[in-house]
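Undergrad: Contents of target-v2.csv (CSV, C-alpha atoms):
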```csv
chain,number,residue,atom,x,y,z
A,1,MET,CA,3.5,-32.8,-28.1
A,2,GLY,CA,4.9,-34.4,-25.0
A,3,ASN,CA,3.7,-33.2,-21.6
A,4,ASN,CA,6.8,-31.3,-20.7
A,5,ALA,CA,7.1,-29.7,-24.1
A,6,TYR,CA,3.5,-28.6,-23.9
A,7,ALA,CA,3.9,-27.1,-20.4
A,8,ALA,CA,7.0,-25.3,-21.5
A,9,ALA,CA,5.1,-23.9,-24.5
A,10,VAL,CA,2.2,-22.8,-22.3
A,11,ILE,CA,4.6,-21.0,-20.0
A,12,ALA,CA,6.4,-19.3,-22.9
A,13,ILE,CA,3.1,-18.1,-24.4
A,14,CYS,CA,1.7,-16.8,-21.1
A,15,ALA,CA,5.0,-15.0,-20.5
A,16,LEU,CA,5.0,-13.4,-24.0
A,17,VAL,CA,1.4,-12.3,-23.9
A,18,THR,CA,1.8,-10.9,-20.4
A,19,LEU,CA,4.9,-9.0,-21.5
A,20,LEU,CA,3.0,-7.7,-24.5
A,21,THR,CA,0.2,-6.3,-22.3
A,22,ARG,CA,2.7,-4.6,-20.0
A,23,ALA,CA,4.8,-3.2,-22.9
A,24,LEU,CA,2.1,-2.0,-25.2
A,25,PRO,CA,2.0,1.7,-24.0
A,26,PHE,CA,5.8,1.8,-24.2
A,27,LEU,CA,5.8,0.3,-27.7
A,28,VAL,CA,3.3,2.8,-28.9
A,29,PHE,CA,5.1,5.9,-27.6
A,30,GLY,CA,8.6,4.6,-28.1
A,31,LYS,CA,11.2,7.4,-27.6
A,32,ARG,CA,9.0,10.2,-28.8
A,33,PRO,CA,8.2,13.0,-26.3
A,34,LEU,CA,5.0,12.3,-24.5
A,35,PRO,CA,1.9,14.2,-25.6
A,36,GLY,CA,0.3,16.4,-22.9
A,37,MET,CA,-2.7,14.2,-22.8
A,38,MET,CA,-0.6,11.1,-21.9
A,39,ARG,CA,1.2,13.1,-19.2
A,40,TYR,CA,-2.1,14.2,-17.8
A,41,LEU,CA,-3.5,10.6,-17.9
A,42,GLY,CA,-0.4,9.3,-16.1
A,43,ASN,CA,-1.2,11.8,-13.3
A,44,VAL,CA,-4.9,11.1,-12.9
A,45,LEU,CA,-5.3,7.4,-13.7
A,46,PRO,CA,-3.8,6.0,-10.5
A,47,PRO,CA,-6.6,7.1,-8.2
A,48,ALA,CA,-9.2,5.6,-10.6
A,49,ILE,CA,-7.2,2.4,-11.1
A,50,MET,CA,-6.7,1.9,-7.4
A,51,VAL,CA,-10.4,2.1,-6.6
A,52,ILE,CA,-11.2,-0.3,-9.5
A,53,LEU,CA,-8.5,-2.7,-8.2
A,54,VAL,CA,-10.2,-2.8,-4.8
A,55,CYS,CA,-13.5,-3.7,-6.5
A,56,TYR,CA,-11.6,-6.3,-8.6
A,57,CYS,CA,-10.3,-7.9,-5.4
A,58,LEU,CA,-13.9,-8.1,-4.0
A,59,ARG,CA,-15.5,-9.3,-7.3
A,60,ASN,CA,-16.1,-12.8,-6.2
A,61,LEU,CA,-18.1,-12.0,-3.1
A,62,ASN,CA,-21.6,-13.4,-2.9
A,63,PHE,CA,-23.9,-10.6,-1.8
A,64,THR,CA,-27.0,-12.7,-2.0
A,65,ALA,CA,-26.3,-15.4,0.6
A,66,PHE,CA,-24.6,-15.6,4.0
A,67,PRO,CA,-22.1,-14.2,4.9
A,68,PHE,CA,-22.8,-11.6,2.2
A,69,GLY,CA,-19.1,-10.7,1.9
A,70,LEU,CA,-19.3,-9.1,5.3
A,71,ALA,CA,-15.8,-10.3,6.4
A,72,GLU,CA,-14.2,-8.6,3.4
A,73,ILE,CA,-16.3,-5.5,3.6
A,74,LEU,CA,-15.8,-5.0,7.4
A,75,SER,CA,-12.1,-5.6,7.1
A,76,CYS,CA,-11.8,-3.1,4.2
A,77,VAL,CA,-13.7,-0.5,6.2
A,78,VAL,CA,-11.4,-1.0,9.2
A,79,VAL,CA,-8.3,-0.7,6.9
A,80,ALA,CA,-9.7,2.5,5.4
A,81,LEU,CA,-10.6,4.1,8.8
A,82,LEU,CA,-7.2,3.2,10.3
A,83,GLN,CA,-5.4,4.6,7.3
A,84,TRP,CA,-7.5,7.7,7.4
A,85,PHE,CA,-6.9,8.5,11.1
A,86,ARG,CA,-3.5,6.9,11.9
A,87,LYS,CA,-1.8,7.1,8.5
A,88,ASN,CA,0.4,4.1,9.3
A,89,ILE,CA,0.4,1.8,6.3
A,90,TYR,CA,1.8,-1.2,8.1
A,91,LEU,CA,-0.6,-0.9,11.0
A,92,SER,CA,-3.6,-0.6,8.6
A,93,ILE,CA,-2.6,-3.7,6.6
A,94,LEU,CA,-1.6,-5.8,9.6
A,95,VAL,CA,-4.8,-5.1,11.6
A,96,GLY,CA,-7.0,-5.5,8.5
A,97,THR,CA,-5.5,-8.8,7.5
A,98,VAL,CA,-5.5,-10.3,11.0
A,99,LEU,CA,-9.1,-9.2,11.5
A,100,TYR,CA,-10.1,-10.8,8.2
A,101,MET,CA,-8.3,-14.1,9.1
A,102,VAL,CA,-10.1,-14.1,12.4
A,103,LEU,CA,-13.5,-13.2,11.0
A,104,ILE,CA,-13.5,-16.0,8.4
A,105,ARG,CA,-12.7,-18.5,11.1
A,106,THR,CA,-15.0,-17.4,13.8
A,107,VAL,CA,-17.9,-15.1,12.9
A,108,PHE,CA,-18.3,-15.8,9.2
A,109,PRO,CA,-17.0,-19.3,8.5
A,110,ALA,CA,-17.4,-20.5,4.9
B,1,MET,CA,22.5,-0.1,-0.7
B,2,ARG,CA,20.2,2.4,0.9
B,3,GLU,CA,18.0,2.0,-2.1
B,4,LEU,CA,17.7,-1.8,-1.5
B,5,ARG,CA,16.8,-1.2,2.2
B,6,TYR,CA,14.2,1.4,1.1
B,7,GLY,CA,12.8,-1.1,-1.5
B,8,LEU,CA,12.5,-3.9,1.1
B,9,LYS,CA,10.7,-1.5,3.5
B,10,GLN,CA,8.3,-0.2,0.8
B,11,THR,CA,7.5,-3.8,-0.4
B,12,PHE,CA,7.0,-5.2,3.1
B,13,PRO,CA,3.2,-5.5,2.7
B,14,ILE,CA,3.6,-7.3,-0.6
B,15,PHE,CA,6.0,-9.8,0.9
B,16,PHE,CA,3.2,-11.6,2.8
B,17,THR,CA,0.8,-11.4,-0.2
B,18,TYR,CA,3.3,-12.8,-2.7
B,19,LEU,CA,4.8,-15.4,-0.5
B,20,PHE,CA,1.4,-16.8,0.4
B,21,MET,CA,-0.2,-16.6,-3.0
B,22,GLY,CA,3.0,-18.0,-4.5
B,23,VAL,CA,2.8,-21.0,-2.1
B,24,ALA,CA,-0.8,-21.5,-3.0
B,25,PHE,CA,0.2,-21.6,-6.7
B,26,GLY,CA,3.1,-23.9,-6.0
B,27,VAL,CA,0.7,-26.3,-4.2
B,28,MET,CA,-1.8,-26.2,-7.1
B,29,MET,CA,1.0,-27.0,-9.6
B,30,ALA,CA,2.3,-29.8,-7.5
B,31,LYS,CA,-1.2,-31.3,-7.3
B,32,ALA,CA,-1.5,-31.0,-11.1
B,33,GLY,CA,1.8,-33.0,-11.4
B,34,TYR,CA,4.3,-30.1,-12.0
B,35,GLY,CA,7.1,-29.9,-9.5
B,36,PRO,CA,8.7,-26.9,-7.9
B,37,LEU,CA,11.0,-26.1,-10.9
B,38,TRP,CA,7.9,-25.7,-13.1
B,39,SER,CA,6.4,-23.3,-10.5
B,40,LEU,CA,9.6,-21.4,-10.3
B,41,ALA,CA,9.8,-21.1,-14.1
B,42,SER,CA,6.2,-19.8,-14.2
B,43,ALA,CA,7.0,-17.2,-11.5
B,44,PHE,CA,10.2,-16.2,-13.2
B,45,PHE,CA,8.9,-15.8,-16.8
B,46,VAL,CA,5.2,-15.3,-16.5
B,47,TYR,CA,5.0,-13.4,-13.2
B,48,ALA,CA,1.3,-12.7,-13.3
B,49,GLY,CA,-0.7,-14.0,-10.3
B,50,SER,CA,-4.2,-14.4,-11.7
B,51,LEU,CA,-3.0,-15.7,-15.0
B,52,GLN,CA,-0.8,-18.4,-13.4
B,53,PHE,CA,-3.8,-19.6,-11.3
B,54,VAL,CA,-5.9,-19.9,-14.4
B,55,MET,CA,-3.1,-21.6,-16.3
B,56,VAL,CA,-3.0,-24.7,-14.0
B,57,PRO,CA,-6.4,-26.3,-14.9
B,58,LEU,CA,-5.9,-25.3,-18.5
B,59,LEU,CA,-2.5,-27.0,-18.5
B,60,GLN,CA,-4.1,-30.2,-17.2
B,61,ALA,CA,-6.9,-30.0,-19.8
B,62,HIS,CA,-4.3,-29.6,-22.6
B,63,THR,CA,-6.0,-26.5,-23.9
B,64,PRO,CA,-4.8,-25.4,-27.3
B,65,LEU,CA,-2.0,-22.8,-27.2
B,66,LEU,CA,-4.0,-20.2,-29.2
B,67,THR,CA,-6.8,-20.4,-26.7
B,68,MET,CA,-4.2,-19.9,-23.9
B,69,ALA,CA,-2.8,-16.9,-25.6
B,70,VAL,CA,-6.3,-15.2,-26.0
B,71,MET,CA,-7.2,-16.0,-22.3
B,72,ALA,CA,-3.8,-14.6,-21.2
B,73,PHE,CA,-4.4,-11.4,-23.1
B,74,PHE,CA,-7.8,-10.8,-21.7
B,75,ILE,CA,-6.8,-11.6,-18.1
B,76,ASN,CA,-3.9,-9.3,-18.3
B,77,ALA,CA,-5.3,-6.5,-20.5
B,78,ARG,CA,-5.6,-4.3,-17.4
B,79,HIS,CA,-1.8,-3.9,-17.4
B,80,ILE,CA,-2.0,-1.7,-20.5
B,81,PHE,CA,-3.5,1.0,-18.3
B,82,TYR,CA,-0.6,0.8,-15.8
B,83,GLY,CA,2.1,1.5,-18.4
B,84,VAL,CA,0.4,4.7,-19.5
B,85,GLY,CA,1.4,6.4,-16.2
B,86,MET,CA,4.9,5.0,-16.2
B,87,ILE,CA,6.2,5.9,-19.6
B,88,ASP,CA,8.4,8.9,-18.7
B,89,ARG,CA,9.4,7.3,-15.4
B,90,PHE,CA,10.6,4.0,-16.9
B,91,ARG,CA,12.1,5.0,-20.2
B,92,THR,CA,14.9,7.0,-18.8
B,93,MET,CA,16.1,4.0,-16.7
B,94,GLY,CA,18.6,2.6,-19.2
B,95,TRP,CA,19.4,-1.1,-18.8
B,96,ARG,CA,16.7,-1.3,-16.1
B,97,PHE,CA,13.9,-0.2,-18.5
B,98,PRO,CA,13.0,-3.6,-20.0
B,99,TYR,CA,12.9,-5.2,-16.6
B,100,MET,CA,10.7,-2.5,-15.2
B,101,VAL,CA,8.2,-3.0,-18.0
B,102,PHE,CA,8.3,-6.8,-17.6
B,103,SER,CA,7.8,-6.7,-13.9
B,104,LEU,CA,4.9,-4.2,-13.7
B,105,THR,CA,2.4,-6.2,-11.7
B,106,ASP,CA,-0.7,-4.9,-9.9
B,107,GLU,CA,1.2,-4.8,-6.7
B,108,THR,CA,4.4,-3.3,-8.0
B,109,TYR,CA,2.4,-0.6,-9.8
B,110,SER,CA,0.6,0.4,-6.7
B,111,VAL,CA,3.8,0.5,-4.6
B,112,LEU,CA,5.4,2.7,-7.3
B,113,CYS,CA,2.3,4.9,-7.3
B,114,SER,CA,2.2,5.2,-3.5
B,115,ILE,CA,5.7,6.2,-2.6
B,116,ARG,CA,7.2,9.6,-2.0
B,117,HIS,CA,10.9,9.3,-2.6
B,118,SER,CA,12.9,10.8,0.3
B,119,LYS,CA,15.9,13.0,-0.3
B,120,GLY,CA,19.3,11.5,-1.1
B,121,LEU,CA,17.9,8.4,-2.6
B,122,ASP,CA,18.6,7.4,-6.3
B,123,ARG,CA,15.0,7.3,-7.5
B,124,GLN,CA,15.7,4.9,-10.3
B,125,ARG,CA,17.7,2.5,-8.2
B,126,ALA,CA,14.9,2.6,-5.6
B,127,ASP,CA,12.2,1.8,-8.2
B,128,PHE,CA,14.3,-1.0,-9.6
B,129,PHE,CA,14.8,-2.6,-6.2
B,130,ILE,CA,11.1,-2.4,-5.5
B,131,ALA,CA,10.3,-4.3,-8.7
B,132,LEU,CA,13.1,-6.8,-8.0
B,133,CYS,CA,12.0,-7.5,-4.4
B,134,ASP,CA,8.5,-8.2,-5.4
B,135,HIS,CA,9.6,-10.6,-8.1
B,136,CYS,CA,11.9,-12.4,-5.7
B,137,TYR,CA,9.1,-12.8,-3.1
B,138,TRP,CA,6.8,-14.2,-5.8
B,139,MET,CA,9.5,-16.7,-7.0
B,140,ALA,CA,10.3,-17.7,-3.5
B,141,GLY,CA,6.6,-18.4,-2.7
B,142,CYS,CA,6.0,-20.4,-5.9
B,143,PHE,CA,9.1,-22.5,-5.4
B,144,LEU,CA,8.4,-23.1,-1.7
B,145,GLY,CA,4.8,-24.0,-2.4
B,146,GLY,CA,5.8,-26.6,-5.1
B,147,TRP,CA,8.5,-28.0,-2.9
B,148,ALA,CA,7.0,-28.1,0.6
B,149,GLY,CA,3.7,-26.4,0.5
B,150,ALA,CA,1.7,-29.5,1.4
B,151,LEU,CA,3.8,-29.8,4.6
B,152,LEU,CA,2.9,-26.3,5.8
B,153,PRO,CA,2.0,-26.7,9.5
B,154,VAL,CA,-0.2,-23.6,10.0
B,155,ASP,CA,-3.3,-22.7,8.2
B,156,LEU,CA,-2.7,-19.3,6.6
B,157,THR,CA,-6.0,-19.0,4.6
B,158,GLY,CA,-7.0,-15.4,4.2
B,159,ILE,CA,-3.5,-13.9,4.4
B,160,ASP,CA,-3.9,-13.0,0.8
B,161,PHE,CA,-6.3,-10.3,2.0
B,162,SER,CA,-3.2,-8.2,2.6
B,163,ALA,CA,-3.2,-7.4,-1.1
B,164,THR,CA,-6.8,-6.0,-0.9
B,165,ALA,CA,-5.8,-4.1,2.3
B,166,PHE,CA,-2.8,-2.7,0.5
B,167,PHE,CA,-5.0,-1.4,-2.4
B,168,VAL,CA,-7.4,0.1,0.1
B,169,VAL,CA,-4.6,1.9,1.8
B,170,VAL,CA,-3.2,3.4,-1.5
B,171,ALA,CA,-6.8,4.4,-2.6
B,172,VAL,CA,-7.3,6.2,0.8
B,173,ASN,CA,-3.9,8.0,0.5
B,174,GLN,CA,-4.7,9.1,-3.1
B,175,TRP,CA,-8.1,10.3,-2.1
B,176,ARG,CA,-6.5,12.6,0.4
B,177,GLN,CA,-3.7,13.7,-1.8
B,178,TYR,CA,-5.7,14.5,-5.0
B,179,PRO,CA,-7.7,17.7,-4.9
B,180,PRO,CA,-9.8,16.6,-7.9
B,181,LYS,CA,-12.1,13.8,-6.8
B,182,LEU,CA,-13.3,12.9,-10.3
B,183,PRO,CA,-10.6,10.2,-10.9
B,184,ALA,CA,-11.4,8.1,-7.9
B,185,LEU,CA,-15.2,8.7,-8.2
B,186,SER,CA,-15.3,7.8,-11.9
B,187,GLY,CA,-13.4,4.7,-11.1
B,188,LEU,CA,-15.8,3.7,-8.3
B,189,CYS,CA,-18.9,4.5,-10.3
B,190,SER,CA,-17.9,2.7,-13.5
B,191,ALA,CA,-16.7,-0.3,-11.5
B,192,VAL,CA,-20.0,-0.6,-9.7
B,193,VAL,CA,-22.1,0.0,-12.8
B,194,PHE,CA,-20.3,-2.5,-14.9
B,195,TYR,CA,-20.2,-5.0,-12.1
B,196,LEU,CA,-24.0,-4.9,-11.9
B,197,LEU,CA,-24.4,-5.0,-15.7
B,198,LEU,CA,-21.7,-7.5,-16.7
B,199,GLY,CA,-20.9,-9.5,-13.5
B,200,PRO,CA,-17.6,-10.3,-11.8
B,201,ASP,CA,-15.9,-11.8,-14.8
B,202,TYR,CA,-16.2,-9.0,-17.4
B,203,PHE,CA,-16.5,-5.7,-15.6
B,204,LEU,CA,-12.9,-4.8,-15.3
B,205,ILE,CA,-11.8,-3.7,-18.7
B,206,PRO,CA,-15.1,-1.7,-19.5
B,207,ALA,CA,-14.7,0.0,-16.1
B,208,LEU,CA,-11.1,1.0,-16.8
B,209,THR,CA,-12.0,2.1,-20.3
B,210,VAL,CA,-15.0,4.3,-19.2
B,211,SER,CA,-12.9,5.9,-16.5
B,212,LEU,CA,-10.3,6.7,-19.0
B,213,VAL,CA,-12.8,8.3,-21.4
B,214,VAL,CA,-14.4,10.3,-18.6
B,215,LEU,CA,-11.0,11.6,-17.5
B,216,ILE,CA,-10.2,12.5,-21.1
B,217,VAL,CA,-13.5,14.3,-21.6
B,218,ARG,CA,-13.2,16.2,-18.3
B,219,ARG,CA,-9.5,17.0,-18.8
B,220,ARG,CA,-9.9,20.8,-18.6
B,221,SER,CA,-11.6,21.0,-15.3
B,222,VAL,CA,-9.5,18.2,-13.7
B,223,GLN,CA,-6.3,19.8,-14.8
B,224,ALA,CA,-7.4,23.2,-13.6
B,225,LYS,CA,-7.9,21.7,-10.1
B,226,LEU,CA,-4.5,20.0,-10.2
B,227,GLU,CA,-2.7,23.1,-11.3
B,228,ALA,CA,-4.5,25.3,-8.7
B,229,TYR,CA,-3.2,22.9,-6.1
B,230,TYR,CA,0.3,22.0,-7.3
B,231,GLY,CA,1.1,25.1,-9.3
B,232,LYS,CA,2.1,24.6,-13.0
```
Re-express the file's structure as structure tokens.
TA:
Amino acid sequence: MGNNAYAAAVIAICALVTLLTRALPFLVFGKRPLPGMMRYLGNVLPPAIMVILVCYCLRNLNFTAFPFGLAEILSCVVVALLQWFRKNIYLSILVGTVLYMVLIRTVFPA
Amino acid sequence: MRELRYGLKQTFPIFFTYLFMGVAFGVMMAKAGYGPLWSLASAFFVYAGSLQFVMVPLLQAHTPLLTMAVMAFFINARHIFYGVGMIDRFRTMGWRFPYMVFSLTDETYSVLCSIRHSKGLDRQRADFFIALCDHCYWMAGCFLGGWAGALLPVDLTGIDFSATAFFVVVAVNQWRQYPPKLPALSGLCSAVVFYLLLGPDYFLIPALTVSLVVLIVRRRSVQAKLEAYYGK
């Protein structure tokens, strides 16, 4: 297979498999009315998923050697505190991200 | 067009994440010998951040297509859990339905979970524009990265932390909004336990699955708390 044909095939396969994972629940339930259990799960899964997604973002931190993921953890704590007390999503994200970018350049350089 | 403005506003935090991660992907692809059009095609059709990053070295190594397909499935299997909560919301959306399913990324899912629609907005149009804005940011980033990423004058390393910050914000909001704490706690505990047991590469799907099972088993008490709070 030529290089371009191969790359196109890889993109096509990745696209199809990704679509399959996203479409699976919709394929299973089709147009049928949703069972009460699924309606319930739709309500309660987001808080669980969101916490797991935060852990997923932090999964590659090395806790055994300097800087012990401190830049990420500190920035996450600041974001959480800001959001808790000020309830301004843009402020929380902006301050958290800038703080992180400063920390990894100054206090905890890689 | 109020819905488009609303969508732009709600996806503002994602704009930075996608643009920067997209640029990073475009640069990687360019270094691997694939120009901006290849990056754009990946962004348009695949539209899955972590998979696209894994794709590049495998592309260079000429990995067999079947291996690619299996990898892609495992990297993206978490998306199965997102659809569960969106079935009723998406399937009434007519011609927009297939696109909403296709474009359900981590970030779009969390924006859709986090918003409270204001009065006078067409909910379905708003949801659609949120999904479309995110997809456009991602395509713009990937294309720019492939085209001119190497010429970027400023060092933006670390700006992708905005995605983590965004998930933290949504998690905090949901903690406050949800009277039952079991969903968030089961997520946290299973994530930590499986991270310690299985390590960073394999904890995600077991953690999601165990949370799901815990929530199914404890349905009666969780639902009782929800109903006491929201009414039936």
Undergrad: Would you work out the distance separating CA of Val23 (chain B) from CA of Gly149 (chain B), expressed in Å to one decimal?
TA: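 So the answer is 6.1 Å.
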Undergrad: Within 8 Å of chain B, which residues belong to chain A? Use only C-alpha atoms and report them as a PyMOL selection string.
TA: chain A and resi 6-7+9-19+21-26+31+34+37-57+59-60+76+79-80+83-84+89-90+92-94+96-98+100-101+104
Undergrad: Which residues are near Leu99 (chain A)? Cut-off 7 Å, all atoms listed in the file, ignore same chain within fewer than 4 positions. Put them as an MDAnalysis selection string.
TA: chainID A and resid 75 95 103
Undergrad: One decimal, in Å: what's the spacing between CA of Thr67 (chain B) and CA of Gly26 (chain B)?
TA: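 The value is 23.2 Å.
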Undergrad: Just how far from CA of Asn3 (chain A) is CA of Ala148 (chain B), in Å to one decimal?
TA: 23.0 Å
Undergrad: Need to verify the contact set: Met21 (chain B), 8 Å, only C-alpha atoms, exclusion of same-chain residues closer than 3 positions in sequence. Can you return it as a tab-separated table (two decimals) with C-alpha atoms, keeping the file's coordinate frame?
TA:
```
chain	number	residue	atom	x	y	z
B	17	THR	CA	0.80	-11.40	-0.20
B	18	TYR	CA	3.30	-12.80	-2.70
B	24	ALA	CA	-0.80	-21.50	-3.00
B	25	PHE	CA	0.20	-21.60	-6.70
B	49	GLY	CA	-0.70	-14.00	-10.30
B	138	TRP	CA	6.80	-14.20	-5.80
B	141	GLY	CA	6.60	-18.40	-2.70
B	142	CYS	CA	6.00	-20.40	-5.90
B	160	ASP	CA	-3.90	-13.00	0.80
```
Undergrad: Counting all atoms listed in the file, which residue out of B:Lys225, B:Asp134, B:Trp147, B:Val217 sits closest to Met29 (chain B)?
TA: B:Trp147
Undergrad: So, with all atoms listed in the file as the atoms that count, which of A:Pro35, A:Pro67, A:Gly2, A:Gly30 lies closest to Phe108 (chain A)?
TA: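 Checking each candidate against Phe108 (chain A), we get A:Pro67 as the closest.
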Undergrad: Could you give me, as a PDB file with C-alpha atoms, keeping the file's coordinate frame, the residues that have an atom at most 12 Å away from the point (-21.9, -14.1, 11.0) in the coordinates of the file, using all atoms listed in the file?
TA:
```pdb
ATOM      1  CA  ALA A  65     -26.300 -15.400   0.600  1.00  0.00           C
ATOM      2  CA  PHE A  66     -24.600 -15.600   4.000  1.00  0.00           C
ATOM      3  CA  PRO A  67     -22.100 -14.200   4.900  1.00  0.00           C
ATOM      4  CA  PHE A  68     -22.800 -11.600   2.200  1.00  0.00           C
ATOM      5  CA  GLY A  69     -19.100 -10.700   1.900  1.00  0.00           C
ATOM      6  CA  LEU A  70     -19.300  -9.100   5.300  1.00  0.00           C
ATOM      7  CA  ALA A  71     -15.800 -10.300   6.400  1.00  0.00           C
ATOM      8  CA  LEU A  74     -15.800  -5.000   7.400  1.00  0.00           C
ATOM      9  CA  VAL A 102     -10.100 -14.100  12.400  1.00  0.00           C
ATOM     10  CA  LEU A 103     -13.500 -13.200  11.000  1.00  0.00           C
ATOM     11  CA  ILE A 104     -13.500 -16.000   8.400  1.00  0.00           C
ATOM     12  CA  ARG A 105     -12.700 -18.500  11.100  1.00  0.00           C
ATOM     13  CA  THR A 106     -15.000 -17.400  13.800  1.00  0.00           C
ATOM     14  CA  VAL A 107     -17.900 -15.100  12.900  1.00  0.00           C
ATOM     15  CA  PHE A 108     -18.300 -15.800   9.200  1.00  0.00           C
ATOM     16  CA  PRO A 109     -17.000 -19.300   8.500  1.00  0.00           C
ATOM     17  CA  ALA A 110     -17.400 -20.500   4.900  1.00  0.00           C
TER      18      ALA A 110
END
```
Undergrad: Take the structure in the block and write a file for region 64-98 of chain A, C-alpha atoms, as a tab-separated table (two decimals), in the first residue's frame.
TA:
```tsv
chain	number	residue	atom	x	y	z
A	64	THR	CA	7.70	9.57	43.21
A	65	ALA	CA	10.20	12.17	41.94
A	66	PHE	CA	10.47	15.94	41.91
A	67	PRO	CA	8.25	17.88	41.22
A	68	PHE	CA	5.71	15.21	42.36
A	69	GLY	CA	3.00	16.67	40.14
A	70	LEU	CA	2.85	19.67	42.46
A	71	ALA	CA	2.30	22.21	39.66
A	72	GLU	CA	-0.79	20.33	38.44
A	73	ILE	CA	-2.16	19.61	41.91
A	74	LEU	CA	-1.66	23.16	43.19
A	75	SER	CA	-3.28	24.62	40.09
A	76	CYS	CA	-6.24	22.21	40.39
A	77	VAL	CA	-6.75	23.20	44.03
A	78	VAL	CA	-6.68	26.89	43.11
A	79	VAL	CA	-9.22	26.30	40.31
A	80	ALA	CA	-11.50	24.36	42.67
A	81	LEU	CA	-11.29	27.01	45.43
A	82	LEU	CA	-11.89	29.88	43.00
A	83	GLN	CA	-14.88	28.11	41.51
A	84	TRP	CA	-16.24	27.28	44.95
A	85	PHE	CA	-16.05	30.84	46.28
A	86	ARG	CA	-16.31	33.07	43.21
A	87	LYS	CA	-18.42	30.85	40.90
A	88	ASN	CA	-16.94	32.47	37.81
A	89	ILE	CA	-15.95	29.76	35.35
A	90	TYR	CA	-13.80	32.03	33.16
A	91	LEU	CA	-11.92	33.44	36.12
A	92	SER	CA	-11.26	29.96	37.56
A	93	ILE	CA	-9.93	28.57	34.27
A	94	LEU	CA	-7.92	31.66	33.37
A	95	VAL	CA	-6.20	32.00	36.75
A	96	GLY	CA	-5.62	28.23	37.02
A	97	THR	CA	-4.08	27.93	33.56
A	98	VAL	CA	-1.87	31.01	33.90
```
